[in-house]
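Enquirer: Here it is, the structure, as structure tokens.
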Amino acid sequence: MAAIWFRNNDDGFKNWCEAHSCGFFVNAHHKPVRKYLVLHKVGCPAFKGRGGLTGPQYSKLCSDSIDDQRSAVRRETDTKDFSSICKRCCPPTSG
């Protein structure tokens, strides 16, 4: 399954996460830039109970495959990798 961006769509992002509990997401600015592309696992405690997840400031890139996310990040931002990996949920860096 290809990676999908959620912008201004909190319900879509939450529904995707419920359906893909073993998936991953990248937290990014609404218009993604290479300086801020943080990889997380679905269920990351940093996002529990928060609203405004995909509003005017942020977007989420979701996929079951980190490799698919890298491809989507490369297409959108012309960078090869994430800016950082979440230290709270510690997702793997490949897969």
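Residue names in the structure tokens use chain letters A, B, ... in the order shown, residue numbers from 1 in each chain, and ligand numbers from 1 in the order shown.
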Please list as a VMD selection string every residue within 12 Å of Thr93 (chain A), counting only C-alpha atoms and excluding residues in the same chain fewer than 6 positions away.
Expert: chain A and resid 24 38 to 41 65 to 67 69 to 70 81 to 86
Enquirer: So that I have them on file, write out the residues from the current selection with N, CA and C atoms, as a PDB file, in the first residue's frame.
Expert:
```
ATOM      1  N   PHE A  24       3.130   3.172  10.547  1.00  0.00           N
ATOM      2  CA  PHE A  24       4.030   4.264  10.896  1.00  0.00           C
ATOM      3  C   PHE A  24       3.484   5.566  10.330  1.00  0.00           C
ATOM      4  N   VAL A  38       9.498  13.808  11.131  1.00  0.00           N
ATOM      5  CA  VAL A  38       9.778  12.945  12.281  1.00  0.00           C
ATOM      6  C   VAL A  38       8.983  11.640  12.171  1.00  0.00           C
ATOM      7  N   LEU A  39       9.694  10.523  12.155  1.00  0.00           N
ATOM      8  CA  LEU A  39       9.083   9.203  12.043  1.00  0.00           C
ATOM      9  C   LEU A  39       8.576   8.723  13.403  1.00  0.00           C
ATOM     10  N   HIS A  40       7.334   8.188  13.415  1.00  0.00           N
ATOM     11  CA  HIS A  40       6.695   7.654  14.625  1.00  0.00           C
ATOM     12  C   HIS A  40       6.028   6.320  14.302  1.00  0.00           C
ATOM     13  N   LYS A  41       5.800   5.500  15.326  1.00  0.00           N
ATOM     14  CA  LYS A  41       4.950   4.321  15.206  1.00  0.00           C
ATOM     15  C   LYS A  41       3.521   4.750  15.527  1.00  0.00           C
ATOM     16  N   SER A  65       4.700   0.692   5.519  1.00  0.00           N
ATOM     17  CA  SER A  65       6.080   0.463   5.084  1.00  0.00           C
ATOM     18  C   SER A  65       6.914   1.737   5.219  1.00  0.00           C
ATOM     19  N   ILE A  66       7.999   1.644   5.938  1.00  0.00           N
ATOM     20  CA  ILE A  66       8.903   2.790   6.074  1.00  0.00           C
ATOM     21  C   ILE A  66       9.549   3.108   4.726  1.00  0.00           C
ATOM     22  N   ASP A  67       9.805   2.094   3.927  1.00  0.00           N
ATOM     23  CA  ASP A  67      10.378   2.332   2.603  1.00  0.00           C
ATOM     24  C   ASP A  67       9.418   3.142   1.729  1.00  0.00           C
ATOM     25  N   GLN A  69       7.280   5.269   2.858  1.00  0.00           N
ATOM     26  CA  GLN A  69       7.319   6.628   3.405  1.00  0.00           C
ATOM     27  C   GLN A  69       8.537   7.385   2.886  1.00  0.00           C
ATOM     28  N   ARG A  70       9.668   6.723   2.862  1.00  0.00           N
ATOM     29  CA  ARG A  70      10.872   7.380   2.330  1.00  0.00           C
ATOM     30  C   ARG A  70      10.658   7.824   0.881  1.00  0.00           C
ATOM     31  N   ASP A  81      15.723  11.197   3.483  1.00  0.00           N
ATOM     32  CA  ASP A  81      15.358  10.505   4.708  1.00  0.00           C
ATOM     33  C   ASP A  81      14.632  11.433   5.671  1.00  0.00           C
ATOM     34  N   PHE A  82      14.219  10.871   6.778  1.00  0.00           N
ATOM     35  CA  PHE A  82      13.528  11.607   7.829  1.00  0.00           C
ATOM     36  C   PHE A  82      14.516  12.530   8.527  1.00  0.00           C
ATOM     37  N   SER A  83      14.016  13.616   9.096  1.00  0.00           N
ATOM     38  CA  SER A  83      14.907  14.521   9.831  1.00  0.00           C
ATOM     39  C   SER A  83      15.261  13.928  11.188  1.00  0.00           C
ATOM     40  N   SER A  84      14.339  13.127  11.760  1.00  0.00           N
ATOM     41  CA  SER A  84      14.640  12.454  13.028  1.00  0.00           C
ATOM     42  C   SER A  84      13.678  11.293  13.260  1.00  0.00           C
ATOM     43  N   ILE A  85      14.017  10.486  14.248  1.00  0.00           N
ATOM     44  CA  ILE A  85      13.225   9.340  14.657  1.00  0.00           C
ATOM     45  C   ILE A  85      12.752   9.610  16.082  1.00  0.00           C
ATOM     46  N   CYS A  86      11.455   9.399  16.353  1.00  0.00           N
ATOM     47  CA  CYS A  86      10.906   9.683  17.689  1.00  0.00           C
ATOM     48  C   CYS A  86      11.626   8.857  18.743  1.00  0.00           C
TER      49      CYS A  86
END
```
Enquirer: Produce a table with one row for each residue of region 23-91 of chain A that has an atom at most 12 Å from any atom of region 11-15 of chain A, each row naming the nearest atom pair and its distance in Å at one decimal; use only C-alpha atoms; arrange rows by chain and rising residue number; format as a tab-separated table.
Expert:
```
residue	atom	partner	partner_atom	distance
A:Gly23	CA	A:Phe13	CA	11.8
A:Phe24	CA	A:Phe13	CA	11.4
A:Phe25	CA	A:Phe13	CA	9.5
A:Val26	CA	A:Phe13	CA	11.5
A:Asn27	CA	A:Phe13	CA	11.3
A:Val42	CA	A:Lys14	CA	9.7
A:Gly43	CA	A:Lys14	CA	10.1
A:Phe47	CA	A:Lys14	CA	10.6
A:Lys48	CA	A:Lys14	CA	10.6
A:Gly49	CA	A:Lys14	CA	10.6
A:Arg50	CA	A:Lys14	CA	10.6
A:Gly51	CA	A:Asp11	CA	9.9
A:Gly52	CA	A:Asp11	CA	10.1
A:Leu53	CA	A:Phe13	CA	8.2
A:Thr54	CA	A:Phe13	CA	7.8
A:Gly55	CA	A:Asp11	CA	11.0
A:Tyr58	CA	A:Phe13	CA	11.7
A:Ser59	CA	A:Phe13	CA	9.3
A:Lys60	CA	A:Phe13	CA	7.4
A:Leu61	CA	A:Phe13	CA	9.0
A:Cys62	CA	A:Phe13	CA	8.0
A:Ser63	CA	A:Phe13	CA	11.0
```
Enquirer: What is the CA of Asp78 (chain A)-CA of Pro32 (chain A) distance in Å, reported with one decimal?
Expert: 10.2 Å
Enquirer: From a backbone DSSP assignment, name each residue in chain A labelled strand (DSSP E or B), as an MDAnalysis selection string.
Expert: chainID A and resid 4:7 24:29 37:41 58:63 84:85
Enquirer: Select, from A:Ser71, A:Ser94, A:Glu76, A:Ala2, the residue with the minimum atom-to-atom distance to His29 (chain A), counting only C-alpha atoms.
Expert: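 Residue with the minimum atom-to-atom distance to His29 (chain A): A:Glu76.
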Enquirer: Figure out the distance between CA of Phe6 (chain A) and CA of Pro45 (chain A), please, to one decimal in Å.
Expert: 19.2 Å
Enquirer: Report as a count of residues only: the residues of region 4-95 of chain A with a DSSP assignment of helix (DSSP H, G or I), based on the backbone of this structure.
Expert: 25
Enquirer: Return the single residue from A:Asn8, A:Lys87, A:Arg74, A:Pro92 that is closest to His30 (chain A), with distances computed using only C-alpha atoms.
Expert: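 Nearest to His30 (chain A): A:Asn8.
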